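Asker: Okay, so here is coords_4.tsv, and as you'll see once you scroll down, it has TSV, C-alpha atoms and all ligand atoms.
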```tsv
chain	number	residue	atom	x	y	z
A	1	MET	CA	-50.89	51.11	-16.40
A	2	SER	CA	-54.20	51.50	-14.53
A	3	GLN	CA	-52.54	49.95	-11.46
A	4	ARG	CA	-49.78	52.53	-11.67
A	5	ILE	CA	-52.34	55.33	-11.72
A	6	ASP	CA	-54.11	53.81	-8.69
A	7	ARG	CA	-50.84	53.51	-6.76
A	8	LEU	CA	-49.97	57.09	-7.61
A	9	ARG	CA	-53.38	58.32	-6.45
A	10	GLN	CA	-52.69	56.72	-3.07
A	11	ALA	CA	-49.24	58.36	-2.95
A	12	ILE	CA	-50.41	61.91	-3.61
A	13	PRO	CA	-50.43	63.80	-0.27
A	14	ALA	CA	-53.93	64.15	1.23
A	15	GLU	CA	-53.68	67.95	1.20
A	16	ALA	CA	-53.22	68.00	-2.59
A	17	ASP	CA	-56.06	67.52	-5.10
A	18	ALA	CA	-53.84	66.42	-7.98
A	19	LEU	CA	-50.26	66.05	-9.19
A	20	LEU	CA	-48.87	67.73	-12.29
A	21	ILE	CA	-46.29	65.45	-13.96
A	22	ILE	CA	-43.77	66.93	-16.38
A	23	LYS	CA	-40.60	64.83	-15.89
A	24	PRO	CA	-40.35	62.61	-19.01
A	25	ASP	CA	-39.48	59.30	-17.30
A	26	ASN	CA	-42.32	59.78	-14.81
A	27	ARG	CA	-44.72	60.78	-17.55
A	28	THR	CA	-43.99	57.66	-19.61
A	29	TYR	CA	-44.14	55.42	-16.55
A	30	ILE	CA	-47.58	56.65	-15.49
A	31	SER	CA	-49.24	57.14	-18.88
A	32	GLY	CA	-47.36	55.09	-21.49
A	33	PHE	CA	-46.79	58.20	-23.60
A	34	THR	CA	-43.44	58.05	-25.40
A	35	GLY	CA	-43.45	61.42	-27.19
A	36	SER	CA	-41.37	64.41	-26.18
A	37	ASN	CA	-44.02	66.83	-24.99
A	38	ALA	CA	-46.96	66.33	-22.64
A	39	TYR	CA	-48.27	67.35	-19.24
A	40	LEU	CA	-50.13	64.89	-17.02
A	41	LEU	CA	-52.70	65.87	-14.46
A	42	VAL	CA	-53.53	63.02	-12.08
A	43	GLY	CA	-56.03	63.46	-9.25
A	44	ARG	CA	-58.58	61.28	-7.50
A	45	GLU	CA	-61.12	61.79	-10.28
A	46	VAL	CA	-58.95	63.04	-13.11
A	47	ALA	CA	-56.33	61.52	-15.44
A	48	LEU	CA	-55.67	64.07	-18.17
A	49	LEU	CA	-52.87	64.33	-20.72
A	50	LEU	CA	-52.30	67.68	-22.37
A	51	THR	CA	-50.12	67.70	-25.47
A	52	ASP	CA	-49.74	69.55	-28.75
A	53	PHE	CA	-51.08	68.82	-32.22
A	54	ARG	CA	-48.09	66.62	-33.19
A	55	TYR	CA	-48.88	64.04	-30.52
A	56	ILE	CA	-52.68	63.87	-30.25
A	57	GLU	CA	-53.02	60.70	-32.31
A	58	GLN	CA	-50.01	58.98	-30.72
A	59	ALA	CA	-51.07	59.86	-27.17
A	60	SER	CA	-54.62	58.63	-27.78
A	61	ALA	CA	-53.23	55.27	-28.92
A	62	GLU	CA	-50.58	54.95	-26.19
A	63	CYS	CA	-52.58	56.17	-23.18
A	64	PRO	CA	-55.93	54.37	-22.85
A	65	TYR	CA	-56.35	55.46	-19.23
A	66	PHE	CA	-55.96	59.17	-19.94
A	67	VAL	CA	-58.23	61.76	-21.46
A	68	VAL	CA	-56.06	63.30	-24.17
A	69	ARG	CA	-56.48	66.98	-25.02
A	70	ASP	CA	-54.72	69.45	-27.28
A	71	TYR	CA	-53.53	72.33	-25.12
A	72	ALA	CA	-53.30	74.86	-27.96
A	73	PRO	CA	-53.06	77.77	-28.16
A	74	VAL	CA	-51.80	78.45	-24.61
A	75	LEU	CA	-50.81	75.68	-22.17
A	76	SER	CA	-51.49	77.63	-19.01
A	77	ASP	CA	-55.02	78.51	-20.21
A	78	SER	CA	-55.81	74.86	-20.97
A	79	LEU	CA	-54.30	73.75	-17.70
A	80	LYS	CA	-56.28	76.37	-15.79
A	81	GLN	CA	-59.47	75.21	-17.50
A	82	ALA	CA	-58.73	71.60	-16.56
A	83	LEU	CA	-58.06	72.55	-12.93
A	84	ASP	CA	-61.31	74.50	-12.76
A	85	ASP	CA	-63.28	71.65	-14.37
A	86	ALA	CA	-61.94	69.15	-11.82
A	87	ASN	CA	-62.30	71.60	-8.93
A	88	ILE	CA	-58.59	71.41	-8.09
A	89	ARG	CA	-57.45	73.99	-5.52
A	90	VAL	CA	-54.11	72.53	-4.40
A	91	LEU	CA	-51.81	71.24	-7.11
A	92	ALA	CA	-48.73	69.16	-6.26
A	93	PHE	CA	-45.79	69.41	-8.65
A	94	GLU	CA	-42.35	67.82	-9.14
A	95	SER	CA	-40.20	70.35	-7.35
A	96	ASP	CA	-36.91	68.71	-8.36
A	97	PHE	CA	-37.79	69.04	-12.03
A	98	VAL	CA	-39.95	72.16	-12.53
A	99	THR	CA	-37.69	75.11	-13.30
A	100	PHE	CA	-37.79	78.36	-11.40
A	101	SER	CA	-39.32	80.18	-14.36
A	102	THR	CA	-41.99	77.51	-14.98
A	103	TYR	CA	-42.89	77.63	-11.31
A	104	HIS	CA	-43.45	81.38	-11.48
A	105	GLU	CA	-45.48	81.06	-14.64
A	106	LEU	CA	-47.71	78.36	-13.10
A	107	LYS	CA	-48.07	80.39	-9.93
A	108	GLU	CA	-49.09	83.48	-11.83
A	109	LYS	CA	-51.45	81.89	-14.34
A	110	LEU	CA	-53.16	78.99	-12.55
A	111	GLY	CA	-54.56	80.66	-9.46
A	112	VAL	CA	-54.20	77.55	-7.29
A	113	THR	CA	-51.94	76.68	-4.37
A	114	LEU	CA	-48.81	74.92	-5.61
A	115	MET	CA	-47.40	72.18	-3.38
A	116	PRO	CA	-43.79	71.06	-3.96
A	117	THR	CA	-43.26	67.28	-3.83
A	118	THR	CA	-40.30	65.05	-4.61
A	119	GLY	CA	-40.03	61.42	-5.58
A	120	LEU	CA	-43.72	60.43	-5.66
A	121	VAL	CA	-43.54	58.69	-9.02
A	122	GLU	CA	-39.85	57.82	-8.60
A	123	LYS	CA	-40.71	55.83	-5.48
A	124	LEU	CA	-43.27	53.77	-7.42
A	125	ARG	CA	-40.76	53.24	-10.21
A	126	GLN	CA	-38.31	51.54	-7.82
A	127	VAL	CA	-40.35	48.32	-7.77
A	128	LYS	CA	-40.47	46.78	-11.22
A	129	ASP	CA	-43.26	44.63	-12.64
A	130	ALA	CA	-42.69	41.54	-14.77
A	131	GLY	CA	-42.78	43.46	-18.05
A	132	GLU	CA	-40.16	45.93	-16.86
A	133	VAL	CA	-37.92	43.11	-15.64
A	134	GLU	CA	-38.24	41.40	-19.01
A	135	ASN	CA	-37.15	44.58	-20.82
A	136	MET	CA	-34.16	44.95	-18.52
A	137	GLN	CA	-33.18	41.32	-19.05
A	138	GLN	CA	-33.35	41.89	-22.78
A	139	ALA	CA	-31.15	44.98	-22.45
A	140	ALA	CA	-28.61	42.95	-20.43
A	141	LEU	CA	-28.57	40.16	-23.04
A	142	ILE	CA	-27.91	42.72	-25.78
A	143	ALA	CA	-25.07	44.22	-23.73
A	144	GLU	CA	-23.38	40.88	-23.07
A	145	ALA	CA	-23.68	39.68	-26.67
A	146	ALA	CA	-22.21	42.98	-27.90
A	147	LEU	CA	-19.32	42.70	-25.44
A	148	ALA	CA	-18.55	39.15	-26.55
A	149	GLU	CA	-18.53	40.32	-30.15
A	150	VAL	CA	-16.06	43.14	-29.52
A	151	LEU	CA	-13.51	41.55	-27.18
A	152	PRO	CA	-11.61	39.75	-29.99
A	153	MET	CA	-10.87	43.21	-31.49
A	154	VAL	CA	-9.06	44.36	-28.35
A	155	LYS	CA	-5.28	44.12	-28.51
A	156	PRO	CA	-2.24	46.27	-27.74
A	157	GLY	CA	-2.12	49.25	-30.12
A	158	VAL	CA	-5.84	49.85	-30.58
A	159	SER	CA	-7.34	52.96	-29.03
A	160	GLU	CA	-9.97	53.17	-26.32
A	161	LYS	CA	-12.17	55.01	-28.81
A	162	PHE	CA	-11.83	52.19	-31.33
A	163	VAL	CA	-13.07	49.71	-28.72
A	164	ALA	CA	-15.91	52.00	-27.62
A	165	LEU	CA	-17.02	52.73	-31.17
A	166	ASN	CA	-17.17	49.04	-32.07
A	167	LEU	CA	-18.99	48.25	-28.85
A	168	GLU	CA	-21.55	50.98	-29.57
A	169	PHE	CA	-22.07	49.65	-33.08
A	170	ALA	CA	-22.55	46.10	-31.77
A	171	LEU	CA	-25.03	47.31	-29.15
A	172	ARG	CA	-27.10	49.21	-31.70
A	173	LYS	CA	-26.93	46.40	-34.22
A	174	ARG	CA	-28.25	43.94	-31.63
A	175	GLY	CA	-31.27	46.03	-30.76
A	176	ALA	CA	-30.26	48.75	-28.30
A	177	GLU	CA	-32.50	51.73	-29.10
A	178	ARG	CA	-29.87	54.00	-27.58
A	179	LEU	CA	-27.06	53.94	-25.05
A	180	PRO	CA	-27.94	54.95	-21.49
A	181	PHE	CA	-24.61	56.84	-21.19
A	182	ASP	CA	-21.37	57.35	-23.12
A	183	ILE	CA	-19.27	54.18	-22.99
A	184	ILE	CA	-16.51	54.23	-20.40
A	185	ALA	CA	-13.37	52.66	-21.85
A	186	ALA	CA	-10.41	53.37	-19.58
A	187	SER	CA	-7.06	51.64	-20.06
A	188	GLY	CA	-3.74	51.53	-18.24
A	189	PRO	CA	-3.28	54.42	-15.80
A	190	ARG	CA	-6.60	55.88	-17.04
A	191	SER	CA	-8.42	52.89	-15.53
A	192	SER	CA	-8.06	54.65	-12.17
A	193	LEU	CA	-10.62	57.19	-13.44
A	194	PRO	CA	-13.93	55.66	-12.36
A	195	HIS	CA	-15.71	57.53	-15.18
A	196	GLY	CA	-12.98	57.75	-17.82
A	197	ARG	CA	-14.74	58.18	-21.16
A	198	ALA	CA	-13.03	56.54	-24.13
A	199	SER	CA	-10.03	58.61	-25.27
A	200	GLU	CA	-7.51	58.44	-28.14
A	201	ARG	CA	-5.10	56.59	-25.86
A	202	LEU	CA	-3.61	53.46	-27.44
A	203	ILE	CA	-3.95	50.42	-25.21
A	204	GLU	CA	-0.57	48.98	-24.15
A	205	ARG	CA	0.59	45.49	-23.30
A	206	GLY	CA	-0.17	44.73	-19.65
A	207	ASP	CA	-2.86	47.40	-19.28
A	208	PHE	CA	-6.06	46.99	-17.42
A	209	LEU	CA	-9.05	47.89	-19.60
A	210	THR	CA	-12.31	48.80	-17.87
A	211	LEU	CA	-15.46	48.82	-20.00
A	212	ASP	CA	-18.61	50.24	-18.39
A	213	PHE	CA	-21.62	50.49	-20.66
A	214	GLY	CA	-25.24	49.58	-21.20
A	215	ALA	CA	-28.15	49.37	-23.58
A	216	VAL	CA	-31.69	50.71	-23.59
A	217	TYR	CA	-34.46	48.33	-24.65
A	218	ASN	CA	-38.13	49.43	-24.71
A	219	GLY	CA	-37.17	52.42	-22.59
A	220	TYR	CA	-35.35	50.34	-19.94
A	221	CYS	CA	-31.63	50.48	-19.20
A	222	CYS	CA	-29.00	48.00	-18.21
A	223	ASP	CA	-25.60	48.84	-16.79
A	224	MET	CA	-22.56	46.56	-16.55
A	225	THR	CA	-18.78	46.73	-16.13
A	226	ARG	CA	-15.97	44.30	-16.77
A	227	THR	CA	-12.22	44.85	-16.39
A	228	PHE	CA	-9.71	42.93	-18.51
A	229	ILE	CA	-5.95	42.65	-18.93
A	230	VAL	CA	-4.61	43.29	-22.44
A	231	GLY	CA	-1.74	41.45	-24.11
A	232	ALA	CA	-0.02	39.99	-21.06
A	233	LYS	CA	-0.54	37.97	-17.93
A	234	ALA	CA	-1.60	39.93	-14.86
A	235	THR	CA	1.12	41.00	-12.43
A	236	LEU	CA	0.79	39.91	-8.82
A	237	GLU	CA	-0.52	43.32	-7.81
A	238	GLN	CA	-3.03	43.39	-10.64
A	239	GLU	CA	-4.23	39.97	-9.55
A	240	ARG	CA	-4.45	41.06	-5.94
A	241	VAL	CA	-6.50	44.16	-6.75
A	242	TYR	CA	-8.75	42.27	-9.15
A	243	SER	CA	-9.44	39.38	-6.80
A	244	THR	CA	-10.21	41.81	-3.96
A	245	VAL	CA	-12.83	43.60	-6.08
A	246	LEU	CA	-14.32	40.30	-7.20
A	247	ALA	CA	-14.45	38.97	-3.64
A	248	ALA	CA	-16.12	42.21	-2.50
A	249	GLN	CA	-18.77	41.82	-5.16
A	250	GLU	CA	-19.37	38.15	-4.40
A	251	GLN	CA	-19.69	38.83	-0.67
A	252	ALA	CA	-22.15	41.65	-1.29
A	253	LEU	CA	-24.22	39.48	-3.62
A	254	SER	CA	-24.38	36.66	-1.10
A	255	ALA	CA	-25.70	39.13	1.51
A	256	LEU	CA	-28.35	40.59	-0.80
A	257	ARG	CA	-31.95	39.99	0.23
A	258	PRO	CA	-35.15	41.96	0.85
A	259	GLY	CA	-35.07	43.94	4.09
A	260	LEU	CA	-31.40	44.91	3.74
A	261	ILE	CA	-30.67	48.65	3.93
A	262	GLY	CA	-28.57	50.28	1.19
A	263	ARG	CA	-25.71	51.32	3.47
A	264	ALA	CA	-25.49	47.84	5.06
A	265	PHE	CA	-25.19	46.33	1.60
A	266	ASP	CA	-22.45	48.81	0.70
A	267	LYS	CA	-20.61	47.97	3.91
A	268	VAL	CA	-20.35	44.26	3.08
A	269	ALA	CA	-18.26	45.04	-0.02
A	270	ARG	CA	-16.43	47.94	1.60
A	271	ASP	CA	-15.28	45.75	4.51
A	272	VAL	CA	-13.69	43.25	2.10
A	273	ILE	CA	-11.82	46.02	0.29
A	274	THR	CA	-10.79	47.75	3.51
A	275	ALA	CA	-9.45	44.49	4.95
A	276	GLN	CA	-7.05	44.28	2.00
A	277	GLY	CA	-5.88	47.85	2.63
A	278	TYR	CA	-7.67	49.52	-0.28
A	279	GLY	CA	-10.59	51.08	1.65
A	280	GLU	CA	-9.51	54.64	0.77
A	281	ARG	CA	-9.41	53.72	-2.91
A	282	PHE	CA	-13.07	52.68	-3.18
A	283	GLY	CA	-14.46	56.20	-3.39
A	284	HIS	CA	-17.98	55.66	-4.67
A	285	GLY	CA	-21.09	53.85	-3.52
A	286	LEU	CA	-21.54	50.12	-4.12
A	287	GLY	CA	-24.50	50.54	-6.45
A	288	HIS	CA	-27.62	52.32	-7.57
A	289	GLY	CA	-31.11	51.55	-8.79
A	290	VAL	CA	-31.70	51.17	-12.54
A	291	GLY	CA	-34.87	51.36	-14.60
A	292	ARG	CA	-36.08	53.93	-17.11
A	293	ALA	CA	-33.13	55.97	-15.83
A	294	VAL	CA	-29.69	54.44	-15.51
A	295	HIS	CA	-29.34	56.02	-12.08
A	296	GLU	CA	-32.49	55.98	-9.97
A	297	GLY	CA	-33.63	54.73	-6.58
A	298	PRO	CA	-33.03	52.87	-4.41
A	299	GLY	CA	-29.60	54.04	-3.32
A	300	ALA	CA	-26.99	51.40	-2.50
A	301	GLY	CA	-24.15	53.60	-1.24
A	302	SER	CA	-22.66	54.17	2.21
A	303	LYS	CA	-25.27	56.78	3.17
A	304	SER	CA	-28.36	55.10	1.77
A	305	GLU	CA	-31.20	54.38	4.22
A	306	ASP	CA	-33.29	52.80	1.45
A	307	LEU	CA	-34.76	49.42	2.26
A	308	PHE	CA	-34.50	46.77	-0.45
A	309	SER	CA	-37.69	44.99	-1.43
A	310	PRO	CA	-38.60	42.40	-4.07
A	311	GLY	CA	-38.83	43.89	-7.56
A	312	MET	CA	-36.08	46.47	-7.06
A	313	VAL	CA	-33.22	46.45	-9.55
A	314	ILE	CA	-29.77	47.57	-8.39
A	315	THR	CA	-26.19	47.44	-9.56
A	316	VAL	CA	-23.38	45.89	-7.54
A	317	GLU	CA	-20.17	47.59	-8.59
A	318	PRO	CA	-17.25	47.70	-6.18
A	319	GLY	CA	-14.00	49.17	-7.47
A	320	ILE	CA	-10.43	49.97	-6.47
A	321	TYR	CA	-8.68	52.93	-8.12
A	322	LEU	CA	-4.97	53.62	-7.63
A	323	PRO	CA	-4.01	56.97	-9.21
A	324	GLY	CA	-1.19	56.65	-11.75
A	325	TRP	CA	-1.38	52.86	-11.65
A	326	GLY	CA	-4.88	51.85	-12.70
A	327	GLY	CA	-8.09	50.47	-11.39
A	328	VAL	CA	-10.63	47.69	-11.46
A	329	ARG	CA	-14.41	47.74	-11.31
A	330	ILE	CA	-16.80	44.82	-11.76
A	331	GLU	CA	-20.51	45.59	-12.11
A	332	ASP	CA	-23.56	43.38	-12.38
A	333	MET	CA	-27.20	44.41	-12.39
A	334	VAL	CA	-29.49	42.32	-10.20
A	335	LEU	CA	-33.16	41.96	-9.28
A	336	VAL	CA	-34.06	41.71	-5.59
A	337	THR	CA	-36.37	38.70	-5.18
A	338	GLU	CA	-38.42	37.27	-2.28
A	339	THR	CA	-35.54	35.00	-1.30
A	340	GLY	CA	-32.44	36.90	-2.41
A	341	TYR	CA	-31.59	38.11	-5.86
A	342	ARG	CA	-31.44	37.18	-9.53
A	343	ASN	CA	-28.49	38.34	-11.63
A	344	PHE	CA	-29.31	39.85	-15.04
A	345	ASN	CA	-25.68	39.25	-16.00
A	346	SER	CA	-23.90	35.99	-16.65
A	347	PHE	CA	-20.76	37.29	-18.40
A	348	PRO	CA	-17.67	35.61	-16.87
A	349	LYS	CA	-15.81	37.48	-14.17
A	350	GLU	CA	-12.50	35.59	-13.92
A	351	LEU	CA	-9.59	37.86	-14.80
A	352	THR	CA	-9.11	37.41	-18.55
A	353	THR	CA	-6.30	38.45	-20.89
A	354	LEU	CA	-7.38	39.90	-24.24
A	355	GLY	CA	-5.31	40.12	-27.40
A	401	ZN	ZN	-21.91	51.12	-15.08
A	402	ZN	ZN	-23.61	51.65	-12.52
```
Please express the file's structure as structure tokens.
Answerer:
Amino acid sequence: MSQRIDRLRQAIPAEADALLIIKPDNRTYISGFTGSNAYLLVGREVALLLTDFRYIEQASAECPYFVVRDYAPVLSDSLKQALDDANIRVLAFESDFVTFSTYHELKEKLGVTLMPTTGLVEKLRQVKDAGEVENMQQAALIAEAALAEVLPMVKPGVSEKFVALNLEFALRKRGAERLPFDIIAASGPRSSLPHGRASERLIERGDFLTLDFGAVYNGYCCDMTRTFIVGAKATLEQERVYSTVLAAQEQALSALRPGLIGRAFDKVARDVITAQGYGERFGHGLGHGVGRAVHEGPGAGSKSEDLFSPGMVITVEPGIYLPGWGGVRIEDMVLVTETGYRNFNSFPKELTTLG
């Protein structure tokens, strides 16, 4: 935690005296505080956490590197006092999170120059330390064990919601503190919806079923997708689409190493899909960073200029979606290492018939 504060101090623009952190994921990352309400002030000399009465004891225990103070009765008065005490004249803030009304309130009450910044803490969050990687591995293990538990319940005639509900129960039972997003369970023609949330639709013989889901463990997310066939052998076209997506993913994984740029990584998979004639039907980016948030940096889509470096965690999730017919997506979450990558997932990827 003290290293994170040091790295942040180096990242704060020279013209600013301190950064005000309000965004919850950033706040937890920098301070360790897991409650729902606190304001961090981090400058060269200062590391202050302002919270309310409910959280004083918790914050003092969780945040050894911060001075913890109760901001009652009025936040802006306490904040102004803290700025004056630390001689802060220019205050950087998270401009992609602070609302318009909060900005005006701060501007009116604090009497300092406010400097908009974006992504200062987010950039640090992109490179995970060993503890973060361990939490994400644990989340992935929970997800795979839950999936294995639920697959025997999938057969023609059960609804997408039935599958999703049982999967959610298995995830929670195995230690997920929450789900990072609503489970995507899309069957048959609905599998062409890349983000088709589970519906009342009854799964039919011969359907594709795409399950995209994750778990949160110690505040860290995982994200995975598998696509199955239900109740029948795959048709030739289903096999062709599936094997194209799988080949695209395998090619991308074999190209993954530090120094690669997001869009170049995306292109490896996209080229495989385009060569089979499905280029137009892969309408999203190849992947995204994962961490405290299920979608964070670095980007791994066709426009991403982000450079991969060891410690980054990204998803690799090519897909093909044919409206009215169905779709396939396969997603693993991987850690970029010094020499290549390490896959958090080991769940089989051969096309499998359920039920
Ligand atoms: Zn996913
Ligand atoms: Zn994803």
Asker: To one decimal place, how far is atom CA of Val230 of chain A from atom CA of Gly157 of chain A in Å?
Answerer: 10.0 Å
Asker: With all atoms listed in the file as the atoms that count, which of A:Glu45, A:Glu15, A:Glu239, A:Glu105 lies nearest to Asp85 of chain A?
Answerer: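 Closest residue, counting all atoms listed in the file: A:Glu45.
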Asker: Give me the residues near Arg226 of chain A as a short mmCIF file (atom, residue, chain, number, x, y, z; two decimals) with C-alpha atoms, in the frame of the given file, where near means some atom within 9 Å (using only C-alpha atoms) and where sequence neighbours in that chain fewer than 4 positions away do not count.
Answerer:
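What landed in selection.cif:
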```
data_model
loop_
_atom_site.label_atom_id
_atom_site.label_comp_id
_atom_site.auth_asym_id
_atom_site.auth_seq_id
_atom_site.Cartn_x
_atom_site.Cartn_y
_atom_site.Cartn_z
CA LEU A 209 -9.05 47.89 -19.60
CA THR A 210 -12.31 48.80 -17.87
CA LEU A 211 -15.46 48.82 -20.00
CA ASP A 212 -18.61 50.24 -18.39
CA VAL A 328 -10.63 47.69 -11.46
CA ARG A 329 -14.41 47.74 -11.31
CA ILE A 330 -16.80 44.82 -11.76
CA GLU A 331 -20.51 45.59 -12.11
CA ASP A 332 -23.56 43.38 -12.38
CA PHE A 347 -20.76 37.29 -18.40
CA PRO A 348 -17.67 35.61 -16.87
CA LYS A 349 -15.81 37.48 -14.17
#
```
Asker: When you draw a straight line from atom CA of Ile184 of chain A to atom CA of Thr225 of chain A, how long is it in Å?
Answerer: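 Atom CA of Ile184 of chain A sits 8.9 Å away from atom CA of Thr225 of chain A.
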Asker: For ligand ZN 402 (chain A), return the neighbouring residues as a list of chain:residue names (distance at most 9 Å; all atoms listed in the file).
Answerer: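 My answer, listing the contacting residues, is A:Asp212, A:Phe213, A:Cys222, A:Asp223, A:Met224, A:Thr225, A:Leu286, A:Gly287, A:His288, A:Gly289, A:Val290, A:Val294, A:His295, A:Ile314, A:Thr315, A:Val316, A:Glu317, A:Glu331, A:Asp332, A:Met333.
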Asker: My list of candidates is A:Ala215, A:Val121, A:Ile12, A:Leu79. Which is closest to Glu144 of chain A when distances are computed with all atoms listed in the file?
Answerer: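 Among A:Ala215, A:Val121, A:Ile12, A:Leu79, it is A:Ala215 that comes nearest to Glu144 of chain A.
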Asker: Would you list the contacts of Tyr341 of chain A as a PyMOL selection string, taking every protein, DNA or RNA residue within 10 Å and counting only C-alpha atoms, but skipping same-chain residues closer than 5 positions in sequence?
Answerer: chain A and resi 253-258+310-314+334-336
Asker: Give me a file of those residues, with C-alpha atoms, as a compact mmCIF listing (two decimals), in the frame of the given file.
Answerer:
```txt
# COMPACT_ATOMS: atom_id res chain seq x y z
CA LEU A 253 -24.22 39.48 -3.62
CA SER A 254 -24.38 36.66 -1.10
CA ALA A 255 -25.70 39.13 1.51
CA LEU A 256 -28.35 40.59 -0.80
CA ARG A 257 -31.95 39.99 0.23
CA PRO A 258 -35.15 41.96 0.85
CA PRO A 310 -38.60 42.40 -4.07
CA GLY A 311 -38.83 43.89 -7.56
CA MET A 312 -36.08 46.47 -7.06
CA VAL A 313 -33.22 46.45 -9.55
CA ILE A 314 -29.77 47.57 -8.39
CA VAL A 334 -29.49 42.32 -10.20
CA LEU A 335 -33.16 41.96 -9.28
CA VAL A 336 -34.06 41.71 -5.59
```
